[in-house]
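K.L.:
Have a look at this one before I ask anything.
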Amino acid sequence: MATFATASATRFAAAAGGAFHGLRWRCCPPAYQAAFLSARPRAVSLTPQRRFVAPSALYKADIQTKEEGLPETLDFRVFFLDGSGKKVSPWHDVPLHVGDGVFNFVVEIPKVSSAKMEVATDEPFTPIKQDTKKGKLRYYPYNINWNYGLLPQTWEDPSFANAEVEGAFGDNDPVDVVEIGERRAKIGDILKVKPLAALAMIDEGELDWKIVAISLDDPRASLVNDVDDVEKHFPGTLTAIRDWFRDYKIPDGKPANQFGLGNKAANKDYALKVITETNESWTKLMRRSVPAGDLSLV
């Protein structure tokens with residue numbers, strides 16, 4: 001039975017102490033868990049702001065999340081609804097641009113968790129679900145240490161070979177974001193972030209961009225505006241992100257992922273270039289200028 005996010009949050013909190021074990025609290029102190037579990041879902045707006053006004057991390061207005069099915073089941077979905085209650089797509093309907101170099105970021109996987117959640121790009125309205133492999137729910141071998149998700153209205157075109165990254169083709173997904181702020185977000189949160197760097201991960205021959213960003217409401221957000229600032233105020237973080245994504249498949253017997261661009265994080269300007277190019281690719285996709293394949297454009 002479908003329940004709105006407010007009701008689901010209550011169920012989630014109750015279940016976390018016992019049966020709900022999918023988001024594994026391996027590195028999360030009890031006080032931190034309590035703070036997360038007591039947080040109320042918040043709404044966001046589909047209408048892009050023309051002008052940046054204040055560093056509020058969440059859009060406030062008419063988007064809500066709605067859960068269908070139970071967490072940690074194959075049927076579990078997190079849908080997004082507009083103010084009239086109609087389903088909308090977090091990939092296609094949430095605007096990319098906020099203004100003044102700020103972008104919307106849809107959280108799929110909260111930090112300090114291991115359930116591999118993702119937007120279902122082949123399902124109508126592209127809800128968030130838990131990824132599967134051979135019919136079984138997927139988990140990372142260890143917790144991810146940052147909020148992780150996607151930039152809406154972007155697409156890594158699988159027909160485009162990037163000459164700057166060893167000729168690798170896009171992975172047919174939205175662009176990924178690794179958000180380095182201190183707050184643990186929730187599945188379905190839409191945060192306003194500023195990009196700081198870009199990592200060009202090559203996963204089994206496919207280019208899978210990782211945009212490193214920070215939420216505007218983070219206490220250190222004003223201190224970081226480019227890749228060098230990340231090294232200064234978040235020392236070791238860029239290396240930790242690269243190494244985490246390089247190695248996470250090794251426990252499953254797969255080879256380590258590779259990275260282009262000299263195995264280093266590119267600067268903010270390069271990250272903005274990636275966002276612009278993949279937004280243009282998404283526009284072509286939505287105009288049916290390129291084949292959509294199994295992707296849902298609803």
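Identifiers in this document derive from the order of the structure tokens: chains are assigned A, B, ..., residues are numbered from 1 separately in each chain, and ligands are numbered from 1 in order of occurrence.
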A:Leu261: which residues within 8 Å, counting only C-alpha atoms, same-chain residues fewer than 5 positions away excluded, as a list in words?

P.N.:
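Counting only the stated atoms, we get Glu164, Val165, Leu199, Ala200 and Ala266 of chain A.
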
K.L.:
With N, CA and C atoms retained, write the just-selected residues as a PDB file, in the first residue's frame.

P.N.:
ATOM      1  N   GLU A 164      38.579  13.329 -24.540  1.00  0.00           N
ATOM      2  CA  GLU A 164      39.412  13.777 -23.425  1.00  0.00           C
ATOM      3  C   GLU A 164      39.558  12.710 -22.349  1.00  0.00           C
ATOM      4  N   VAL A 165      38.727  11.682 -22.421  1.00  0.00           N
ATOM      5  CA  VAL A 165      38.765  10.614 -21.415  1.00  0.00           C
ATOM      6  C   VAL A 165      38.888   9.271 -22.133  1.00  0.00           C
ATOM      7  N   LEU A 199      35.474  14.044 -11.244  1.00  0.00           N
ATOM      8  CA  LEU A 199      36.292  12.849 -11.416  1.00  0.00           C
ATOM      9  C   LEU A 199      35.735  12.052 -12.595  1.00  0.00           C
ATOM     10  N   ALA A 200      36.617  11.649 -13.492  1.00  0.00           N
ATOM     11  CA  ALA A 200      36.207  10.924 -14.697  1.00  0.00           C
ATOM     12  C   ALA A 200      36.408   9.427 -14.482  1.00  0.00           C
ATOM     13  N   ALA A 266      39.411  17.106 -11.666  1.00  0.00           N
ATOM     14  CA  ALA A 266      39.454  18.342 -12.451  1.00  0.00           C
ATOM     15  C   ALA A 266      38.801  19.470 -11.648  1.00  0.00           C
TER      16      ALA A 266
END

K.L.:
Which neighbours of A:Trp244 fall inside 10 Å, counting only C-alpha atoms, when residues of the same chain fewer than 6 positions from it are skipped, and could you give them as a ChimeraX atom specification?

P.N.:
/A:142-145,238,257

K.L.:
When you look at stretch 290-297 of chain A with a cut-off of 8 Å (counting only C-alpha atoms), what residues show up, excluding the ones that are within fewer than 3 positions of it in the same chain? I need them as a list in words.

P.N.:
His92, Thr121, Asp122, Glu123, Pro124, Phe125, Thr126, Lys284, Leu285, Met286 and Arg287 of chain A

K.L.:
Contacts of A:Pro127 at 12 Å or less, counting only C-alpha atoms, minus same-chain residues fewer than 4 places along, as number ranges by chain?

P.N.:
A: 65-68, 75-81, 87-93, 106-108, 117-123, 131, 187-188, 296, 298

K.L.:
With distances taken over only C-alpha atoms, which residue among A:Asp157, A:Asp217, A:Glu166, A:Glu182 lies nearest A:Glu277?

P.N.:
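Closest residue, counting only C-alpha atoms: A:Asp157.
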
K.L.:
Just asking: which residues within stretch 48-277 of chain A are strand (DSSP E) according to DSSP, as a PyMOL selection string?

P.N.:
chain A and resi 64-68+77-81+87-88+97-99+102-109+113-115+117-119+128-130+132-133+136-137+139-144+147-151+161-162+168-170+175-179+190-203+206-215+258-259
